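**Student:** Got a file for you: run02.cif, mmCIF, C-alpha atoms and all ligand atoms; chains and numbers go by the auth columns.
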```cif
data_structure
loop_
_atom_site.group_PDB
_atom_site.id
_atom_site.type_symbol
_atom_site.label_atom_id
_atom_site.label_comp_id
_atom_site.label_asym_id
_atom_site.label_seq_id
_atom_site.Cartn_x
_atom_site.Cartn_y
_atom_site.Cartn_z
_atom_site.B_iso_or_equiv
_atom_site.auth_seq_id
_atom_site.auth_asym_id
ATOM 1 C CA MET A 1 -17.261 12.650 -11.961 0.00 234 H
ATOM 2 C CA ALA A 2 -15.441 10.292 -9.568 0.00 235 H
ATOM 3 C CA ASP A 3 -13.356 11.896 -6.815 0.00 236 H
ATOM 4 C CA ALA A 4 -9.678 12.395 -7.670 0.00 237 H
ATOM 5 C CA PRO A 5 -7.588 9.618 -6.132 0.00 238 H
ATOM 6 C CA LEU A 6 -5.755 10.407 -2.888 0.00 239 H
ATOM 7 C CA VAL A 7 -4.042 7.039 -2.551 0.00 240 H
ATOM 8 C CA GLY A 8 -2.079 5.332 -5.298 0.00 241 H
ATOM 9 C CA ILE A 9 -1.805 1.557 -4.981 0.00 242 H
ATOM 10 C CA ILE A 10 0.998 0.238 -7.144 0.00 243 H
ATOM 11 C CA MET A 11 2.264 -3.312 -7.514 0.00 244 H
ATOM 12 C CA GLY A 12 5.074 -5.015 -9.386 0.00 245 H
ATOM 13 C CA SER A 13 2.919 -7.521 -11.242 0.00 246 H
ATOM 14 C CA THR A 14 -0.665 -8.495 -11.884 0.00 247 H
ATOM 15 C CA SER A 15 0.182 -11.555 -9.780 0.00 248 H
ATOM 16 C CA ASP A 16 0.378 -9.208 -6.759 0.00 249 H
ATOM 17 C CA TRP A 17 -3.246 -8.111 -7.167 0.00 250 H
ATOM 18 C CA GLU A 18 -4.717 -10.945 -5.110 0.00 251 H
ATOM 19 C CA THR A 19 -2.763 -9.538 -2.161 0.00 252 H
ATOM 20 C CA MET A 20 -2.985 -5.845 -2.980 0.00 253 H
ATOM 21 C CA ARG A 21 -6.732 -5.868 -3.542 0.00 254 H
ATOM 22 C CA CYS A 22 -7.016 -6.066 0.274 0.00 255 H
ATOM 23 C CA ALA A 23 -5.654 -2.502 0.426 0.00 256 H
ATOM 24 C CA ALA A 24 -8.079 -1.383 -2.281 0.00 257 H
ATOM 25 C CA ASP A 25 -11.001 -3.113 -0.557 0.00 258 H
ATOM 26 C CA ILE A 26 -10.410 -1.390 2.772 0.00 259 H
ATOM 27 C CA LEU A 27 -10.013 2.013 1.118 0.00 260 H
ATOM 28 C CA ALA A 28 -13.273 1.465 -0.778 0.00 261 H
ATOM 29 C CA GLU A 29 -14.985 0.468 2.468 0.00 262 H
ATOM 30 C CA LEU A 30 -13.750 3.673 4.119 0.00 263 H
ATOM 31 C CA GLY A 31 -14.714 5.844 1.169 0.00 264 H
ATOM 32 C CA VAL A 32 -11.164 6.874 0.264 0.00 265 H
ATOM 33 C CA ALA A 33 -10.632 7.640 -3.432 0.00 266 H
ATOM 34 C CA HIS A 34 -7.782 5.563 -4.814 0.00 267 H
ATOM 35 C CA GLU A 35 -6.287 4.195 -8.018 0.00 268 H
ATOM 36 C CA THR A 36 -4.505 0.933 -8.809 0.00 269 H
ATOM 37 C CA ARG A 37 -1.638 0.465 -11.260 0.00 270 H
ATOM 38 C CA VAL A 38 0.865 -2.244 -12.221 0.00 271 H
ATOM 39 C CA VAL A 39 4.288 -0.597 -12.066 0.00 272 H
ATOM 40 C CA SER A 40 7.381 -2.806 -12.041 0.00 273 H
ATOM 41 C CA ALA A 41 10.748 -1.486 -10.844 0.00 274 H
ATOM 42 C CA HIS A 42 12.481 -4.071 -13.032 0.00 275 H
ATOM 43 C CA ARG A 43 10.262 -4.514 -16.069 0.00 276 H
ATOM 44 C CA THR A 44 8.813 -1.006 -16.477 0.00 277 H
ATOM 45 C CA PRO A 45 11.358 1.386 -14.921 0.00 278 H
ATOM 46 C CA GLN A 46 10.218 4.361 -17.023 0.00 279 H
ATOM 47 C CA ARG A 47 6.620 3.792 -15.903 0.00 280 H
ATOM 48 C CA LEU A 48 7.836 3.805 -12.297 0.00 281 H
ATOM 49 C CA TYR A 49 9.786 7.031 -12.846 0.00 282 H
ATOM 50 C CA ASP A 50 6.799 8.738 -14.442 0.00 283 H
ATOM 51 C CA TYR A 51 4.402 7.519 -11.750 0.00 284 H
ATOM 52 C CA ALA A 52 6.546 8.444 -8.741 0.00 285 H
ATOM 53 C CA THR A 53 7.728 11.828 -10.016 0.00 286 H
ATOM 54 C CA GLY A 54 4.199 12.834 -11.057 0.00 287 H
ATOM 55 C CA ALA A 55 2.275 11.482 -8.058 0.00 288 H
ATOM 56 C CA ALA A 56 2.245 14.590 -5.858 0.00 289 H
ATOM 57 C CA ASP A 57 1.359 16.936 -8.721 0.00 290 H
ATOM 58 C CA ARG A 58 -1.601 14.698 -9.605 0.00 291 H
ATOM 59 C CA GLY A 59 -2.938 15.140 -6.073 0.00 292 H
ATOM 60 C CA LEU A 60 -1.994 11.810 -4.535 0.00 293 H
ATOM 61 C CA LYS A 61 -1.241 12.011 -0.795 0.00 294 H
ATOM 62 C CA VAL A 62 -0.045 8.483 -0.006 0.00 295 H
ATOM 63 C CA ILE A 63 1.411 5.674 -2.100 0.00 296 H
ATOM 64 C CA ILE A 64 1.000 2.005 -1.203 0.00 297 H
ATOM 65 C CA ALA A 65 3.529 -0.144 -3.048 0.00 298 H
ATOM 66 C CA GLY A 66 3.449 -3.940 -3.017 0.00 299 H
ATOM 67 C CA ALA A 67 6.052 -6.243 -4.519 0.00 300 H
ATOM 68 C CA GLY A 68 7.534 -9.674 -4.063 0.00 301 H
ATOM 69 C CA GLY A 69 10.995 -11.236 -4.237 0.00 302 H
ATOM 70 C CA ALA A 70 13.665 -8.635 -4.986 0.00 303 H
ATOM 71 C CA ALA A 71 11.096 -6.023 -4.056 0.00 304 H
ATOM 72 C CA HIS A 72 12.640 -2.706 -5.092 0.00 305 H
ATOM 73 C CA LEU A 73 9.381 -0.993 -5.975 0.00 306 H
ATOM 74 C CA PRO A 74 8.535 0.718 -2.651 0.00 307 H
ATOM 75 C CA GLY A 75 12.080 1.980 -2.070 0.00 308 H
ATOM 76 C CA MET A 76 12.526 3.224 -5.626 0.00 309 H
ATOM 77 C CA ALA A 77 9.143 4.949 -5.509 0.00 310 H
ATOM 78 C CA ALA A 78 10.074 6.567 -2.180 0.00 311 H
ATOM 79 C CA SER A 79 13.353 7.805 -3.678 0.00 312 H
ATOM 80 C CA MET A 80 11.445 9.834 -6.271 0.00 313 H
ATOM 81 C CA THR A 81 8.647 11.414 -4.236 0.00 314 H
ATOM 82 C CA HIS A 82 8.279 13.164 -0.882 0.00 315 H
ATOM 83 C CA LEU A 83 4.879 11.478 -0.372 0.00 316 H
ATOM 84 C CA PRO A 84 4.655 8.822 2.348 0.00 317 H
ATOM 85 C CA VAL A 85 5.213 5.362 0.843 0.00 318 H
ATOM 86 C CA LEU A 86 3.831 2.267 2.562 0.00 319 H
ATOM 87 C CA GLY A 87 5.487 -0.967 1.464 0.00 320 H
ATOM 88 C CA VAL A 88 3.721 -4.323 1.362 0.00 321 H
ATOM 89 C CA PRO A 89 5.924 -7.415 1.077 0.00 322 H
ATOM 90 C CA VAL A 90 4.062 -9.837 -1.191 0.00 323 H
ATOM 91 C CA GLU A 91 4.479 -13.507 -0.283 0.00 324 H
ATOM 92 C CA SER A 92 6.909 -15.048 -2.754 0.00 325 H
ATOM 93 C CA LYS A 93 6.819 -18.712 -3.734 0.00 326 H
ATOM 94 C CA ALA A 94 10.505 -19.454 -3.119 0.00 327 H
ATOM 95 C CA LEU A 95 11.032 -17.759 0.248 0.00 328 H
ATOM 96 C CA LYS A 96 7.495 -17.132 1.516 0.00 329 H
ATOM 97 C CA GLY A 97 7.954 -13.366 1.426 0.00 330 H
ATOM 98 C CA GLN A 98 10.992 -13.209 3.704 0.00 331 H
ATOM 99 C CA ASP A 99 12.930 -11.897 0.691 0.00 332 H
ATOM 100 C CA SER A 100 10.231 -9.300 -0.029 0.00 333 H
ATOM 101 C CA LEU A 101 10.152 -8.185 3.606 0.00 334 H
ATOM 102 C CA LEU A 102 13.903 -7.721 3.917 0.00 335 H
ATOM 103 C CA SER A 103 14.120 -5.989 0.528 0.00 336 H
ATOM 104 C CA ILE A 104 11.490 -3.460 1.576 0.00 337 H
ATOM 105 C CA VAL A 105 12.268 -2.897 5.237 0.00 338 H
ATOM 106 C CA GLN A 106 16.027 -2.371 5.075 0.00 339 H
ATOM 107 C CA MET A 107 16.058 1.120 3.615 0.00 340 H
ATOM 108 C CA PRO A 108 19.110 3.275 4.269 0.00 341 H
ATOM 109 C CA GLY A 109 18.543 6.249 6.576 0.00 342 H
ATOM 110 C CA GLY A 110 17.104 9.197 4.658 0.00 343 H
ATOM 111 C CA ILE A 111 14.533 7.509 2.414 0.00 344 H
ATOM 112 C CA PRO A 112 11.809 5.930 4.554 0.00 345 H
ATOM 113 C CA VAL A 113 9.353 3.222 3.548 0.00 346 H
ATOM 114 C CA GLY A 114 6.719 2.341 6.138 0.00 347 H
ATOM 115 C CA THR A 115 6.865 -1.436 5.933 0.00 348 H
ATOM 116 C CA LEU A 116 3.860 -3.609 6.736 0.00 349 H
ATOM 117 C CA ALA A 117 3.484 -7.353 7.354 0.00 350 H
ATOM 118 C CA ILE A 118 3.935 -9.969 4.632 0.00 351 H
ATOM 119 C CA GLY A 119 0.870 -10.685 2.521 0.00 352 H
ATOM 120 C CA LYS A 120 -2.805 -9.848 2.854 0.00 353 H
ATOM 121 C CA ALA A 121 -2.602 -8.651 6.465 0.00 354 H
ATOM 122 C CA GLY A 122 0.039 -6.156 5.394 0.00 355 H
ATOM 123 C CA ALA A 123 -2.036 -4.970 2.446 0.00 356 H
ATOM 124 C CA THR A 124 -5.115 -4.511 4.643 0.00 357 H
ATOM 125 C CA ASN A 125 -3.084 -2.615 7.222 0.00 358 H
ATOM 126 C CA ALA A 126 -1.482 -0.461 4.526 0.00 359 H
ATOM 127 C CA GLY A 127 -4.995 0.584 3.494 0.00 360 H
ATOM 128 C CA LEU A 128 -5.937 1.305 7.104 0.00 361 H
ATOM 129 C CA LEU A 129 -2.721 3.244 7.696 0.00 362 H
ATOM 130 C CA ALA A 130 -3.177 5.309 4.548 0.00 363 H
ATOM 131 C CA ALA A 131 -6.700 6.135 5.708 0.00 364 H
ATOM 132 C CA ALA A 132 -5.390 7.054 9.176 0.00 365 H
ATOM 133 C CA ILE A 133 -2.811 9.408 7.630 0.00 366 H
ATOM 134 C CA LEU A 134 -5.493 11.119 5.533 0.00 367 H
ATOM 135 C CA ALA A 135 -7.861 11.213 8.515 0.00 368 H
ATOM 136 C CA THR A 136 -5.513 13.554 10.386 0.00 369 H
ATOM 137 C CA CYS A 137 -6.856 16.332 8.105 0.00 370 H
ATOM 138 C CA ASP A 138 -10.347 14.953 7.416 0.00 371 H
ATOM 139 C CA ASP A 139 -12.903 14.798 10.252 0.00 372 H
ATOM 140 C CA ALA A 140 -15.457 12.833 8.220 0.00 373 H
ATOM 141 C CA LEU A 141 -12.883 10.158 7.436 0.00 374 H
ATOM 142 C CA THR A 142 -11.842 10.094 11.090 0.00 375 H
ATOM 143 C CA GLY A 143 -15.458 9.279 11.927 0.00 376 H
ATOM 144 C CA ARG A 144 -15.626 6.484 9.354 0.00 377 H
ATOM 145 C CA LEU A 145 -12.334 5.030 10.583 0.00 378 H
ATOM 146 C CA LYS A 146 -13.467 5.089 14.211 0.00 379 H
ATOM 147 C CA ALA A 147 -16.758 3.439 13.241 0.00 380 H
ATOM 148 C CA TRP A 148 -14.863 0.734 11.304 0.00 381 H
ATOM 149 C CA ARG A 149 -12.685 0.048 14.343 0.00 382 H
ATOM 150 C CA ALA A 150 -15.715 -0.070 16.642 0.00 383 H
ATOM 151 C CA ARG A 151 -17.451 -2.590 14.348 0.00 384 H
ATOM 152 C CA GLN A 152 -14.323 -4.735 14.400 0.00 385 H
ATOM 153 C CA THR A 153 -14.245 -4.638 18.193 0.00 386 H
ATOM 154 C CA GLU A 154 -17.939 -5.575 18.394 0.00 387 H
ATOM 155 C CA SER A 155 -17.400 -8.507 16.033 0.00 388 H
ATOM 156 C CA VAL A 156 -14.916 -10.249 18.331 0.00 389 H
ATOM 157 C CA ALA A 157 -16.586 -13.152 20.128 0.00 390 H
ATOM 158 C CA ASN A 158 -16.283 -13.616 23.880 0.00 391 H
ATOM 159 C CA GLU A 159 -15.921 -17.379 23.538 0.00 392 H
ATOM 160 C CA PRO A 160 -14.387 -19.565 20.829 0.00 393 H
ATOM 161 C CA GLU A 161 -17.674 -21.390 20.058 0.00 394 H
HETATM 162 C C1 LIG B . 7.892 -8.918 -8.478 0.00 401 H
HETATM 163 O O1 LIG B . 8.084 -10.209 -8.901 0.00 401 H
HETATM 164 C C2 LIG B . 6.412 -8.733 -8.415 0.00 401 H
HETATM 165 O O2 LIG B . 6.084 -7.795 -7.443 0.00 401 H
HETATM 166 C C3 LIG B . 5.881 -10.107 -8.075 0.00 401 H
HETATM 167 O O3 LIG B . 5.593 -10.240 -6.694 0.00 401 H
HETATM 168 C C4 LIG B . 7.050 -11.029 -8.433 0.00 401 H
HETATM 169 C C5 LIG B . 6.676 -12.062 -9.450 0.00 401 H
HETATM 170 O O4 LIG B . 6.149 -11.423 -10.592 0.00 401 H
HETATM 171 P P1 LIG B . 5.525 -12.272 -11.778 0.00 401 H
HETATM 172 O O5 LIG B . 6.620 -13.139 -12.298 0.00 401 H
HETATM 173 O O6 LIG B . 4.383 -13.056 -11.199 0.00 401 H
HETATM 174 O O7 LIG B . 5.039 -11.264 -12.782 0.00 401 H
HETATM 175 O O8 LIG B . 8.463 -7.979 -9.345 0.00 401 H
#
```
Please lay out the structure from this file as structure tokens.
**Tutor:**
Amino acid sequence: MADAPLVGIIMGSTSDWETMRCAADILAELGVAHETRVVSAHRTPQRLYDYATGAADRGLKVIIAGAGGAAHLPGMAASMTHLPVLGVPVESKALKGQDSLLSIVQMPGGIPVGTLAIGKAGATNAGLLAAAILATCDDALTGRLKAWRARQTESVANEPE
């Protein structure tokens, strides 16, 4: 049987998957059990309610939520769970993700969303940050995360060519 997911990756649309798969990829690389779901704040509000209110009881520890445009998903999810929520602003066509970023980052005091960079870099870093949060109570994961960081350091060239 597969391990129960510790990280829930949710996104507002299947069109967000190209970005959000970067979070899933890094979690897979680090051996962190996760699940992926399409949950729209606007189009499937009941699905969002059910997901966010049930997340902790299902054993999830961190939620990564990606959305674009009027990106209410991370904030609404955070309003319905005490779990840490990491928000990824997906790059929108009209405003290049500036709208997504401002929608996600400007939460009122009291309901935090840890907001990452726009696009794939943000999704990758959300995966790394979720792993770092879980690693605080998991020595084996700490080791895998440190090894990943060391490999990244070793891969950086000394010269441009
Ligand atoms: C948001 O609207 C989604 O997160 C997505 O980034 C954006 C566009 O969605 P689609 O029209 O591609 O489904 O809710």
**Student:** Nearest to Leu239 in chain H among H:Lys326, H:Arg280, H:Lys294, H:Arg382, with distances taken over only C-alpha atoms: which residue is it?
**Tutor:**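 Of the candidates, the smallest distance to Leu239 in chain H is held by H:Lys294.
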**Student:** Specify as a list in words each residue included when the PyMOL selection byres (((not hetatm)) within 6 of (chain H and resi 401)) is applied to this file.
**Tutor:**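 Selected by the PyMOL selection byres (((not hetatm)) within 6 of (chain H and resi 401)) in this file: Met244, Gly245, Ser246, Ser248, Asp249, Ser273, Ala300, Gly301, Gly302 and Val323 of chain H.
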**Student:** Just to confirm, what's the straight-line distance from CA of Gly287 in chain H to CA of Thr375 in chain H in Å (one decimal)?
**Tutor:**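 About the pair CA of Gly287 in chain H and CA of Thr375 in chain H: they are 27.5 Å apart.
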**Student:** Please evaluate the PyMOL selection byres (((chain H and resi 357) around 8) and not hetatm) against the structure above and give the resulting residues as a ChimeraX atom specification.
**Tutor:** /H:255-256,258-259,353-356,358-361
**Student:** Could you tell me which residues the PyMOL selection byres (((chain H and resi 341-346) around 8) and not hetatm) grabs in this file, written as a list in words?
**Tutor:**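 For this structure, the PyMOL selection byres (((chain H and resi 341-346) around 8) and not hetatm) captures Pro307, Gly308, Ala311, Ser312, Pro317, Val318, Leu319, Gly320, Ile337, Val338, Gln339, Met340, Gly347 and Thr348 of chain H.
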**Student:** Considering all atoms listed in the file, state which residue in the set H:Val240, H:Ala266, H:Val271, H:Ala365 is at the smallest distance from Trp381 in chain H.
**Tutor:**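 For Trp381 in chain H, the nearest of the given residues is H:Ala365.
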**Student:** Can you tell me how far CA of Ala298 in chain H sits from CA of Ile242 in chain H, in Å to one decimal?
**Tutor:** 5.9 Å
**Student:** When distances are computed from only C-alpha atoms, which of H:Ala350, H:Leu281, H:Val265, H:Met313 shows the smallest separation from Ala363 in chain H?
**Tutor:**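 Ranked by minimum distance to Ala363 in chain H, first place goes to H:Val265.
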**Student:** I'd like the interatomic distance between CA of Thr247 in chain H and CA of Arg270 in chain H, to a tenth of an Å.
**Tutor:** 9.0 Å
**Student:** Excluding Pro278 in chain H and residues on its chain fewer than 3 positions from it, collect all residues at most 12 Å away from it, counting all atoms listed in the file, and give them as a list in words.
**Tutor:** Gly245, Val271, Val272, Ser273, Ala274, His275, Leu281, Tyr282, Asp283, Tyr284, Ala285, His305, Leu306, Met309 and Ala310 of chain H
**Student:** Can you tell me, as AutoDock Vina command-line options, the centre and edge lengths (Å, one decimal) of the axis-aligned box enclosing all of range 286-292 of chain H's listed atoms after padding each side by 5 Å?
**Tutor:**
```
--center_x 2.4 --center_y 14.2 --center_z -8.5 --size_x 20.7 --size_y 15.5 --size_z 15.2
```
**Student:** Which residue is closest to Leu374 in chain H? Choose from H:Ile243, H:Val389, H:Ala261, H:Leu334 and count all atoms listed in the file.
**Tutor:**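 Answer, going by the shortest atom-to-atom distance: H:Ala261.
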**Student:** Could you give me, as a ChimeraX atom specification, the residues within 8 Å of Ala289 in chain H, counting all atoms listed in the file and dropping anything in the same chain fewer than 3 positions from it?
**Tutor:** /H:286,292-294,314-316
**Student:** Choose the residue, out of H:Ala364, H:Val321, H:Ser388, H:Ala383, that has the smallest atom-to-atom separation from Gly264 in chain H; count only C-alpha atoms.
**Tutor:**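 Smallest distance to Gly264 in chain H is found for H:Ala364.
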**Student:** Smallest atom-to-atom distance to Met253 in chain H: which of H:Asn391, H:Ser336, H:Thr269, H:Ser325, using all atoms listed in the file?
**Tutor:** H:Thr269
